[in-house]
>>> print(open('entry14.txt').read())   # compact mmCIF, C-alpha atoms
# COMPACT_ATOMS: atom_id res chain seq x y z
CA MET A 81 2.47 -9.22 18.84
CA PHE A 82 2.27 -5.73 17.28
CA GLU A 83 5.12 -6.52 14.91
CA ASN A 84 3.21 -9.53 13.56
CA TYR A 85 0.11 -7.35 13.11
CA TYR A 86 2.22 -4.83 11.16
CA PHE A 87 3.69 -7.63 9.05
CA LEU A 88 0.25 -9.09 8.26
CA LEU A 89 -1.05 -5.65 7.29
CA GLY A 90 1.91 -5.33 4.92
CA VAL A 91 1.17 -8.76 3.42
CA VAL A 92 -2.52 -7.94 2.91
CA ASN A 93 -1.57 -4.57 1.40
CA SER A 94 0.79 -6.22 -1.09
CA LEU A 95 -1.65 -9.00 -2.00
CA PHE A 96 -4.41 -6.47 -2.67
CA LEU A 97 -2.13 -4.38 -4.88
CA ILE A 98 -0.87 -7.42 -6.78
CA ALA A 99 -4.46 -8.54 -7.38
CA ILE A 100 -5.52 -5.06 -8.52
CA PHE A 101 -2.58 -4.72 -10.91
CA LEU A 102 -3.27 -8.16 -12.41
CA LEU A 103 -6.97 -7.39 -12.80
CA VAL A 104 -6.03 -4.16 -14.62
CA LYS A 105 -3.67 -6.12 -16.86
CA PHE A 106 -6.43 -8.51 -17.85
CA SER A 107 -9.02 -5.71 -18.26
CA LYS A 108 -11.30 -6.87 -15.47
CA MET A 109 -12.39 -3.33 -14.63
CA ALA A 110 -15.58 -4.31 -12.76
CA GLN A 111 -13.48 -6.44 -10.41
CA VAL A 112 -10.87 -3.66 -10.12
CA ALA A 113 -13.56 -1.34 -8.76
CA VAL A 114 -14.68 -3.94 -6.21
CA PHE A 115 -11.11 -4.75 -5.13
CA GLY A 116 -10.28 -1.05 -5.03
CA LYS A 117 -13.10 -0.31 -2.63
CA ALA A 118 -12.18 -3.32 -0.49
CA TYR A 119 -8.55 -2.16 -0.52
CA LEU A 120 -9.61 1.21 0.87
CA ALA A 121 -11.16 -0.62 3.82
CA LEU A 122 -7.57 -1.20 5.02
CA VAL A 123 -7.93 2.25 6.55
CA VAL A 124 -9.58 0.54 9.53
CA PRO A 125 -6.70 -1.82 10.40
CA GLY A 126 -4.27 1.02 9.64
CA VAL A 127 -5.91 3.31 12.20
CA TYR A 128 -6.09 0.42 14.66
CA GLY A 129 -2.37 -0.21 14.09
CA ILE A 130 -1.58 3.39 15.01
CA PHE A 131 -3.69 3.03 18.13
CA ILE A 132 -1.87 -0.17 19.14
CA ALA A 133 1.55 1.31 18.38
CA GLN A 134 0.80 4.30 20.58
CA GLN A 135 -0.70 2.17 23.34
CA GLN A 136 2.28 -0.21 23.39
CA GLN A 137 4.76 2.66 23.05
CA LYS A 138 6.34 1.24 19.91
CA PRO A 139 9.01 3.28 18.10
CA ILE A 140 7.53 6.38 16.42
CA GLN A 141 8.56 5.05 13.00
CA TYR A 142 5.64 2.61 13.10
CA THR A 143 3.18 5.46 13.60
CA ILE A 144 4.86 7.50 10.87
CA PHE A 145 4.78 4.68 8.33
CA LEU A 146 1.21 3.72 9.21
CA SER A 147 0.27 7.39 8.76
CA ILE A 148 1.91 7.35 5.33
CA PHE A 149 -0.07 4.19 4.54
CA LEU A 150 -3.30 5.94 5.59
CA ALA A 151 -2.40 9.04 3.57
CA PHE A 152 -1.85 6.83 0.52
CA LEU A 153 -5.21 5.11 0.99
CA ILE A 154 -7.01 8.43 1.47
CA LEU A 155 -5.38 9.97 -1.61
CA GLU A 156 -6.20 6.83 -3.63
CA GLY A 157 -9.82 7.05 -2.49
CA ILE A 158 -10.10 10.75 -3.28
CA TYR A 159 -8.53 10.41 -6.73
CA ASP A 160 -10.31 7.22 -7.82
CA PHE A 161 -13.68 7.29 -6.08
CA VAL A 162 -14.46 10.90 -5.13
CA LEU A 163 -12.94 13.09 -7.84
CA LYS A 164 -12.71 10.28 -10.42
CA VAL A 165 -9.80 12.02 -12.14
CA PRO A 166 -7.27 10.34 -14.46
CA PHE A 167 -4.43 11.30 -12.11
CA ARG A 168 -2.01 8.80 -13.61
CA ASN A 169 -1.81 11.05 -16.70
CA ASN A 170 -1.07 14.24 -14.72
CA TRP A 171 2.38 14.44 -13.15
CA LYS A 172 1.27 17.09 -10.65
CA LEU A 173 -1.29 14.68 -9.22
CA LEU A 174 0.76 11.54 -9.79
CA THR A 175 3.91 12.72 -7.99
CA PRO A 176 2.49 12.87 -4.43
CA TYR A 177 0.66 9.59 -5.08
CA LEU A 178 3.88 7.84 -6.12
CA MET A 179 5.84 9.35 -3.22
CA LEU A 180 3.29 7.94 -0.77
CA TYR A 181 3.19 4.59 -2.63
CA TRP A 182 6.96 4.10 -2.49
CA SER A 183 7.21 5.37 1.10
CA MET A 184 4.39 3.10 2.25
CA ASN A 185 6.03 0.01 0.76
CA TYR A 186 9.44 1.04 2.10
CA GLY A 187 7.96 1.39 5.59
CA PHE A 188 6.34 -2.01 5.54
CA ILE A 189 9.53 -3.73 4.37
CA VAL A 190 12.08 -1.91 6.52
CA MET A 191 10.15 -1.84 9.79
CA THR A 192 9.25 -5.51 9.42
CA TRP A 193 12.85 -6.38 8.52
CA LYS A 194 14.02 -4.74 11.77
CA HIS A 195 11.89 -7.23 13.69
CA SER A 196 12.39 -10.33 11.50
CA ALA A 197 14.62 -10.85 8.49
CA VAL A 198 12.35 -13.68 7.30
CA GLN A 199 9.20 -11.53 7.46
CA GLY A 200 11.05 -8.60 5.90
CA GLY A 201 12.25 -10.90 3.12
CA ILE A 202 8.68 -12.06 2.51
CA LEU A 203 7.49 -8.45 2.18
CA LEU A 204 10.42 -7.64 -0.10
CA GLY A 205 9.53 -10.63 -2.28
CA LEU A 206 5.89 -9.55 -2.39
CA PHE A 207 7.00 -6.02 -3.30
CA ILE A 208 9.06 -7.38 -6.21
CA ILE A 209 6.02 -9.35 -7.41
CA GLN A 210 3.93 -6.21 -6.91
CA MET A 211 6.33 -4.20 -9.09
CA ALA A 212 6.31 -6.85 -11.82
CA ALA A 213 2.51 -6.91 -11.82
CA ASN A 214 2.39 -3.10 -11.77
CA PHE A 215 4.80 -2.69 -14.67
CA SER A 216 3.08 -5.37 -16.74
CA SER A 217 -0.31 -3.74 -16.18
CA HIS A 218 0.89 -0.34 -17.35
CA ARG A 219 2.64 -1.37 -20.55
CA LYS A 220 1.39 0.17 -23.76
CA GLY A 221 -0.84 -2.21 -25.68
CA THR A 222 -1.62 -4.35 -22.64
>>> encode(input="entry14.txt", output="structure tokens")
Amino acid sequence: MFENYYFLLGVVNSLFLIAIFLLVKFSKMAQVAVFGKAYLALVVPGVYGIFIAQQQQKPIQYTIFLSIFLAFLILEGIYDFVLKVPFRNNWKLLTPYLMLYWSMNYGFIVMTWKHSAVQGGILLGLFIIQMAANFSSHRKGT
């Protein structure tokens, strides 16, 4: 049960990020702001996931990776909606953001893969699509 919840949270995370990257690519900035705020609402299921993992005594890795996910969401919210800083142009701000981003995605894929190779493969495929959308949205002249 918990493993399916974790998998679905990973799917929703990836779909949100894919949508945001594609909206950026096509210069739909008003929609990016709406999707960005909705994406931050994933804090709620992330906290609930930690609660369930603790309650069901799941391996500590689930709590660690969900905490990384929450840290990523919080940092994203602070950078984009509180401070409103162009952190993607400042390596000192971008580095912790990217470390959390990569760790979060790694955690969703690997922990899901431990439970189900099919579900892990789905998250890996979504991550590849996410990367393609991300790279295409950050190209110069796009």
>>> residues_around(input="entry14.txt", residues="A:Lys105", least_positions_apart="4", cutoff="10 Å", atoms="all atoms listed in the file", output="JSON, numbers by chain")
{"A": [99, 100, 101, 109, 213, 214, 215, 216, 217, 218, 219, 222]}
>>> write_last_selection(input="entry14.txt", atoms="C-alpha atoms", output="PDB file, in the frame of the given file")
ATOM      1  CA  ALA A  99      -4.460  -8.540  -7.380  1.00  0.00           C
ATOM      2  CA  ILE A 100      -5.520  -5.060  -8.520  1.00  0.00           C
ATOM      3  CA  PHE A 101      -2.580  -4.720 -10.910  1.00  0.00           C
ATOM      4  CA  MET A 109     -12.390  -3.330 -14.630  1.00  0.00           C
ATOM      5  CA  ALA A 213       2.510  -6.910 -11.820  1.00  0.00           C
ATOM      6  CA  ASN A 214       2.390  -3.100 -11.770  1.00  0.00           C
ATOM      7  CA  PHE A 215       4.800  -2.690 -14.670  1.00  0.00           C
ATOM      8  CA  SER A 216       3.080  -5.370 -16.740  1.00  0.00           C
ATOM      9  CA  SER A 217      -0.310  -3.740 -16.180  1.00  0.00           C
ATOM     10  CA  HIS A 218       0.890  -0.340 -17.350  1.00  0.00           C
ATOM     11  CA  ARG A 219       2.640  -1.370 -20.550  1.00  0.00           C
ATOM     12  CA  THR A 222      -1.620  -4.350 -22.640  1.00  0.00           C
TER      13      THR A 222
END
>>> atom_distance(input="entry14.txt", atom1="atom CA of A:Thr143", atom2="atom CA of A:Gly200")
17.9 Å
>>> residues_around(input="entry14.txt", residues="A:Ile209", least_positions_apart="6", cutoff="10 Å", atoms="only C-alpha atoms", output="list in words")
Ser94, Leu95, Leu97, Ile98, Leu203 and Phe215 of chain A
>>> residues_around(input="entry14.txt", residues="A:Lys117", least_positions_apart="6", cutoff="10 Å", atoms="only C-alpha atoms", output="ChimeraX atom specification")
/A:111,156-157,160-161
>>> closest_residue(input="entry14.txt", among="A:Leu174, A:Ala212, A:Val104, A:Ile144", to="A:Phe188", atoms="only C-alpha atoms")
A:Ile144
>>> atom_distance(input="entry14.txt", atom1="atom CA of A:Met191", atom2="atom CA of A:Gly90")
10.2 Å
>>> closest_residue(input="entry14.txt", among="A:Phe82, A:Gly205, A:Phe87, A:Gln210", to="A:Gln137", atoms="all atoms listed in the file")
A:Phe82
>>> atom_distance(input="entry14.txt", atom1="atom CA of A:Gly126", atom2="atom CA of A:Leu150")
6.4 Å
>>> closest_residue(input="entry14.txt", among="A:Val92, A:Val112, A:Met81, A:Leu153", to="A:Leu180", atoms="all atoms listed in the file")
A:Leu153
>>> closest_residue(input="entry14.txt", among="A:Tyr186, A:Trp171, A:Phe145, A:Trp193", to="A:Ala133", atoms="all atoms listed in the file")
A:Phe145
